[in-house]
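Here is structure.pdb, consisting of PDB, C-alpha atoms:
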```pdb
ATOM      1  CA  MET A   1      22.369  64.656  89.342
ATOM      2  CA  THR A   2      19.634  67.300  89.417
ATOM      3  CA  VAL A   3      18.066  70.414  87.987
ATOM      4  CA  ILE A   4      17.840  73.763  89.710
ATOM      5  CA  ALA A   5      16.335  76.855  88.050
ATOM      6  CA  ALA A   6      15.513  80.478  88.853
ATOM      7  CA  ILE A   7      14.347  83.687  87.210
ATOM      8  CA  LYS A   8      13.701  87.231  88.397
ATOM      9  CA  ASP A   9      11.065  89.670  87.150
ATOM     10  CA  ALA A  10      10.168  93.133  88.424
ATOM     11  CA  GLU A  11       8.139  91.835  91.380
ATOM     12  CA  HIS A  12       9.431  88.340  92.271
ATOM     13  CA  ILE A  13      12.240  85.844  92.122
ATOM     14  CA  TYR A  14      10.991  82.348  91.352
ATOM     15  CA  TYR A  15      13.239  79.393  92.077
ATOM     16  CA  GLY A  16      12.801  75.654  92.001
ATOM     17  CA  ALA A  17      14.312  72.215  91.688
ATOM     18  CA  ASP A  18      13.527  68.571  91.366
ATOM     19  CA  SER A  19      13.697  66.522  94.545
ATOM     20  CA  ARG A  20      15.456  63.292  93.624
ATOM     21  CA  VAL A  21      18.810  62.306  95.034
ATOM     22  CA  THR A  22      20.350  59.571  92.890
ATOM     23  CA  TYR A  23      23.316  57.399  93.758
ATOM     24  CA  ASP A  24      25.342  56.029  90.843
ATOM     25  CA  SER A  25      24.520  52.363  91.281
ATOM     26  CA  GLY A  26      22.129  52.486  94.192
ATOM     27  CA  PRO A  27      18.637  53.637  95.017
ATOM     28  CA  ALA A  28      17.042  57.006  94.301
ATOM     29  CA  TYR A  29      15.507  58.921  97.194
ATOM     30  CA  ASP A  30      12.798  61.520  96.643
ATOM     31  CA  VAL A  31      13.190  63.359  99.932
ATOM     32  CA  CYS A  32      15.497  66.282  99.350
ATOM     33  CA  THR A  33      15.211  70.003  98.859
ATOM     34  CA  LYS A  34      18.016  71.368  96.693
ATOM     35  CA  TRP A  35      17.827  74.931  98.079
ATOM     36  CA  ARG A  36      19.367  75.964 101.405
ATOM     37  CA  ALA A  37      18.352  79.164 103.219
ATOM     38  CA  VAL A  38      21.239  80.682 105.147
ATOM     39  CA  PRO A  39      20.387  83.618 107.434
ATOM     40  CA  SER A  40      22.182  86.800 106.431
ATOM     41  CA  ARG A  41      23.735  89.196 108.914
ATOM     42  CA  HIS A  42      23.627  92.014 106.343
ATOM     43  CA  PHE A  43      20.331  91.668 104.451
ATOM     44  CA  ASP A  44      16.688  91.210 105.467
ATOM     45  CA  GLU A  45      16.230  88.119 103.298
ATOM     46  CA  PRO A  46      18.237  84.935 103.832
ATOM     47  CA  ILE A  47      20.850  83.859 101.315
ATOM     48  CA  LEU A  48      19.356  81.088  99.168
ATOM     49  CA  ILE A  49      21.792  78.585  97.696
ATOM     50  CA  GLY A  50      20.681  76.002  95.144
ATOM     51  CA  ALA A  51      23.428  73.445  94.602
ATOM     52  CA  ALA A  52      23.839  70.837  91.876
ATOM     53  CA  GLY A  53      26.495  68.227  92.236
ATOM     54  CA  SER A  54      27.501  65.765  94.869
ATOM     55  CA  GLY A  55      25.425  65.416  98.035
ATOM     56  CA  ARG A  56      28.730  66.188  99.679
ATOM     57  CA  LEU A  57      28.353  69.784  98.438
ATOM     58  CA  ASP A  58      25.103  70.126 100.378
ATOM     59  CA  SER A  59      26.891  68.982 103.536
ATOM     60  CA  ILE A  60      29.649  71.524 102.923
ATOM     61  CA  ILE A  61      27.077  74.317 102.511
ATOM     62  CA  VAL A  62      25.340  73.345 105.750
ATOM     63  CA  SER A  63      28.610  73.050 107.680
ATOM     64  CA  SER A  64      29.778  76.438 106.312
ATOM     65  CA  SER A  65      26.522  78.256 107.087
ATOM     66  CA  LYS A  66      27.930  80.348 109.975
ATOM     67  CA  ILE A  67      30.633  81.758 107.694
ATOM     68  CA  LEU A  68      28.202  82.149 104.765
ATOM     69  CA  GLU A  69      25.951  84.291 107.014
ATOM     70  CA  THR A  70      28.625  87.002 106.968
ATOM     71  CA  CYS A  71      28.952  87.178 103.165
ATOM     72  CA  MET A  72      27.920  90.407 101.477
ATOM     73  CA  THR A  73      28.709  89.452  97.853
ATOM     74  CA  PRO A  74      28.431  86.324  95.716
ATOM     75  CA  PHE A  75      32.214  86.468  95.284
ATOM     76  CA  GLU A  76      32.611  86.001  99.033
ATOM     77  CA  ILE A  77      30.178  83.064  98.914
ATOM     78  CA  ALA A  78      32.194  81.465  96.086
ATOM     79  CA  ASP A  79      35.411  81.965  98.037
ATOM     80  CA  VAL A  80      33.976  80.458 101.239
ATOM     81  CA  LEU A  81      32.698  77.413  99.353
ATOM     82  CA  LYS A  82      35.961  76.973  97.449
ATOM     83  CA  ARG A  83      37.986  77.062 100.675
ATOM     84  CA  ALA A  84      35.548  74.648 102.348
ATOM     85  CA  ILE A  85      35.710  72.201  99.437
ATOM     86  CA  ILE A  86      39.501  72.298  99.321
ATOM     87  CA  GLY A  87      39.640  71.971 103.127
ATOM     88  CA  ASP A  88      37.373  68.952 102.854
ATOM     89  CA  SER A  89      40.075  67.267 100.738
ATOM     90  CA  TRP A  90      37.658  66.984  97.839
ATOM     91  CA  ARG A  91      39.932  65.964  94.973
ATOM     92  CA  GLU A  92      39.157  65.879  91.309
ATOM     93  CA  ALA A  93      41.706  65.538  88.562
ATOM     94  CA  LYS A  94      42.660  68.220  86.082
ATOM     95  CA  GLY A  95      41.598  67.641  82.513
ATOM     96  CA  GLU A  96      43.982  66.008  80.038
ATOM     97  CA  ASP A  97      44.670  69.442  78.605
ATOM     98  CA  GLY A  98      45.882  70.669  82.003
ATOM     99  CA  ALA A  99      42.766  72.789  82.551
ATOM    100  CA  PRO A 100      42.270  74.260  86.042
ATOM    101  CA  GLN A 101      40.740  72.125  88.757
ATOM    102  CA  ASP A 102      37.009  71.544  88.267
ATOM    103  CA  TYR A 103      35.015  70.414  91.285
ATOM    104  CA  SER A 104      31.819  69.385  89.420
ATOM    105  CA  VAL A 105      29.642  71.811  91.338
ATOM    106  CA  GLU A 106      27.149  74.307  89.962
ATOM    107  CA  ILE A 107      25.371  76.755  92.217
ATOM    108  CA  ILE A 108      22.646  79.379  91.919
ATOM    109  CA  VAL A 109      22.673  82.030  94.629
ATOM    110  CA  ILE A 110      19.913  84.481  95.510
ATOM    111  CA  LEU A 111      21.536  87.270  97.492
ATOM    112  CA  ASN A 112      19.989  90.631  98.304
ATOM    113  CA  ASN A 113      17.223  90.031  95.724
ATOM    114  CA  GLU A 114      19.689  89.327  92.896
ATOM    115  CA  LEU A 115      20.518  86.106  91.045
ATOM    116  CA  PHE A 116      24.027  84.742  90.494
ATOM    117  CA  ARG A 117      25.527  81.558  89.098
ATOM    118  CA  ILE A 118      28.691  80.131  90.618
ATOM    119  CA  SER A 119      30.371  77.717  88.224
ATOM    120  CA  SER A 120      32.589  74.764  88.984
ATOM    121  CA  ASP A 121      35.694  76.959  88.678
ATOM    122  CA  PHE A 122      34.088  79.284  91.272
ATOM    123  CA  SER A 123      33.607  82.129  88.809
ATOM    124  CA  VAL A 124      30.545  84.275  89.507
ATOM    125  CA  THR A 125      28.091  85.385  86.817
ATOM    126  CA  PRO A 126      25.292  87.872  87.598
ATOM    127  CA  ILE A 127      22.021  86.829  85.965
ATOM    128  CA  PRO A 128      20.031  89.657  84.326
ATOM    129  CA  ASP A 129      16.333  90.122  85.064
ATOM    130  CA  LEU A 130      13.961  87.989  82.962
ATOM    131  CA  THR A 131      16.736  85.492  82.186
ATOM    132  CA  LEU A 132      16.153  81.899  83.207
ATOM    133  CA  VAL A 133      19.192  80.262  84.770
ATOM    134  CA  ALA A 134      19.483  76.522  85.352
ATOM    135  CA  VAL A 135      22.217  74.204  86.612
ATOM    136  CA  GLY A 136      22.671  70.478  86.957
ATOM    137  CA  SER A 137      22.499  67.544  84.587
ATOM    138  CA  GLY A 138      19.030  68.676  83.489
ATOM    139  CA  GLU A 139      20.246  72.165  82.537
ATOM    140  CA  PRO A 140      20.022  71.814  78.722
ATOM    141  CA  TYR A 141      16.456  70.492  78.898
ATOM    142  CA  ALA A 142      15.445  73.134  81.418
ATOM    143  CA  LEU A 143      16.854  76.004  79.373
ATOM    144  CA  GLY A 144      15.266  74.722  76.156
ATOM    145  CA  ALA A 145      11.856  74.337  77.750
ATOM    146  CA  GLY A 146      12.220  77.679  79.516
ATOM    147  CA  TYR A 147      12.945  79.357  76.197
ATOM    148  CA  ALA A 148       9.916  77.678  74.620
ATOM    149  CA  ALA A 149       7.796  78.926  77.550
ATOM    150  CA  ARG A 150       9.198  82.480  77.474
ATOM    151  CA  ASN A 151       5.726  83.938  76.812
ATOM    152  CA  LYS A 152       4.385  82.383  80.024
ATOM    153  CA  SER A 153       4.740  83.851  83.504
ATOM    154  CA  CYS A 154       8.152  83.576  85.153
ATOM    155  CA  LYS A 155       6.775  81.128  87.701
ATOM    156  CA  GLU A 156       5.440  78.948  84.904
ATOM    157  CA  GLN A 157       8.797  79.131  83.098
ATOM    158  CA  VAL A 158      10.540  77.708  86.172
ATOM    159  CA  ARG A 159       7.940  74.963  86.564
ATOM    160  CA  THR A 160       8.037  74.078  82.843
ATOM    161  CA  SER A 161      11.831  73.991  82.783
ATOM    162  CA  ILE A 162      11.984  71.585  85.720
ATOM    163  CA  GLN A 163       9.239  69.397  84.215
ATOM    164  CA  ALA A 164      11.249  69.070  80.986
ATOM    165  CA  ALA A 165      14.420  68.131  82.856
ATOM    166  CA  ILE A 166      12.527  65.485  84.834
ATOM    167  CA  LYS A 167      11.018  64.074  81.647
ATOM    168  CA  TYR A 168      14.185  63.932  79.541
ATOM    169  CA  ASP A 169      17.116  63.592  81.958
ATOM    170  CA  PRO A 170      17.160  60.191  83.684
ATOM    171  CA  ASN A 171      19.083  61.724  86.608
ATOM    172  CA  CYS A 172      16.309  64.216  87.426
ATOM    173  CA  GLY A 173      13.051  63.268  89.027
ATOM    174  CA  GLY A 174      10.771  63.374  91.978
ATOM    175  CA  LYS A 175       8.538  66.245  92.883
ATOM    176  CA  ILE A 176       8.801  69.746  91.467
ATOM    177  CA  GLN A 177       9.531  72.297  94.159
ATOM    178  CA  VAL A 178       8.938  75.976  93.322
ATOM    179  CA  GLY A 179       9.341  78.918  95.676
ATOM    180  CA  GLU A 180       9.090  82.662  95.303
ATOM    181  CA  ILE A 181      10.457  85.784  96.903
ATOM    182  CA  GLU A 182       8.392  88.951  96.698
ATOM    183  CA  LEU A 183      10.610  91.939  95.993
TER     184      LEU A 183
END
```
Show me, as structure tokens, the structure contained in the file I just sent.
Amino acid sequence: MTVIAAIKDAEHIYYGADSRVTYDSGPAYDVCTKWRAVPSRHFDEPILIGAAGSGRLDSIIVSSSKILETCMTPFEIADVLKRAIIGDSWREAKGEDGAPQDYSVEIIVILNNELFRISSDFSVTPIPDLTLVAVGSGEPYALGAGYAARNKSCKEQVRTSIQAAIKYDPNCGGKIQVGEIEL
């Protein structure tokens, strides 16, 4: 799968990801950015969406970009993506315990200089300042390394977290991509 991470301090939001796209039994391609910038009709900065999960999710984000441009809250973004996924006939089974539908997607959104996580049930969690958030198969490694690097700069925490995921999760790899937004 992948690793995507972000953190916000008083002056910047740093975000990053690995770059590998892996197919279950096929080749791995190191050509992909995991963050999509969607222009916003309401804010000066674009909406940044980092998506972990199927490559199909990236296609859904791109094809929904005109609707996403109009979103003013992360809840609206979650709703647009949920409707697009359901409309795409993306089917995944409920758990044996009858748990609600889980679409195996994890998303980090940067909207209006704030961080949010959208989980696979499309719930939205605001991420407090100075809290590293990570999603994807490399998430546990990223969060552990980020915690160990908590005395480093926020940018270095993001880089270190992605490095750890690449090293320890066989589904992460490629180049480390780190970006920043000045607040």
Once 4 Å is added on each side, what centre and edge lengths in Å to one decimal does the axis-aligned box around all listed atoms of segment 3-7 of chain A have, as JSON?
```
{"center_x": 16.2, "center_y": 77.1, "center_z": 88.5, "size_x": 11.7, "size_y": 21.3, "size_z": 10.5}
```
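Each of A:Phe43, A:Asn113, A:Glu139, A:Arg159 was compared to Gln177 of chain A using all atoms listed in the file, and A:Arg159 turns out to be the nearest.
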What does the PyMOL selection byres ((chain A and resi 58) around 12) select in this file, as an MDAnalysis selection string?
chainID A and resid 21 32:37 49:57 59:65 81 84:85 105:107
C-alpha atoms of the current selection, written as a CSV table (one decimal), in the frame of the given file:
```csv
chain,number,residue,atom,x,y,z
A,21,VAL,CA,18.8,62.3,95.0
A,32,CYS,CA,15.5,66.3,99.4
A,33,THR,CA,15.2,70.0,98.9
A,34,LYS,CA,18.0,71.4,96.7
A,35,TRP,CA,17.8,74.9,98.1
A,36,ARG,CA,19.4,76.0,101.4
A,37,ALA,CA,18.4,79.2,103.2
A,49,ILE,CA,21.8,78.6,97.7
A,50,GLY,CA,20.7,76.0,95.1
A,51,ALA,CA,23.4,73.4,94.6
A,52,ALA,CA,23.8,70.8,91.9
A,53,GLY,CA,26.5,68.2,92.2
A,54,SER,CA,27.5,65.8,94.9
A,55,GLY,CA,25.4,65.4,98.0
A,56,ARG,CA,28.7,66.2,99.7
A,57,LEU,CA,28.4,69.8,98.4
A,59,SER,CA,26.9,69.0,103.5
A,60,ILE,CA,29.6,71.5,102.9
A,61,ILE,CA,27.1,74.3,102.5
A,62,VAL,CA,25.3,73.3,105.8
A,63,SER,CA,28.6,73.0,107.7
A,64,SER,CA,29.8,76.4,106.3
A,65,SER,CA,26.5,78.3,107.1
A,81,LEU,CA,32.7,77.4,99.4
A,84,ALA,CA,35.5,74.6,102.3
A,85,ILE,CA,35.7,72.2,99.4
A,105,VAL,CA,29.6,71.8,91.3
A,106,GLU,CA,27.1,74.3,90.0
A,107,ILE,CA,25.4,76.8,92.2
```
For Asp79 of chain A, list every protein, DNA or RNA residue within 8 Å, evaluated using all atoms listed in the file, and leave out those in the same chain fewer than 4 positions away; present the list as a VMD selection string.
chain A and resid 75 83 122
I'd like the interatomic distance between atom CA of Asp129 of chain A and atom CA of Lys8 of chain A, to a tenth of an Å.
5.1 Å
Decode the PyMOL selection byres ((chain A and resi 137) around 6) for the given file into explicit residues and return them as a list in words.
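This file, filtered by the PyMOL selection byres ((chain A and resi 137) around 6), leaves Met1, Thr2, Gly136, Gly138 and Glu139 of chain A.
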Translate the PyMOL selection byres ((chain A and resi 38-40) around 9), as applied to the file shown, into an explicit residue set as number ranges by chain.
A: 36-37, 41-49, 62, 65-66, 68-72, 111
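Atom to atom, atom CA of Glu182 of chain A and atom CA of Ile13 of chain A stand 6.7 Å apart.
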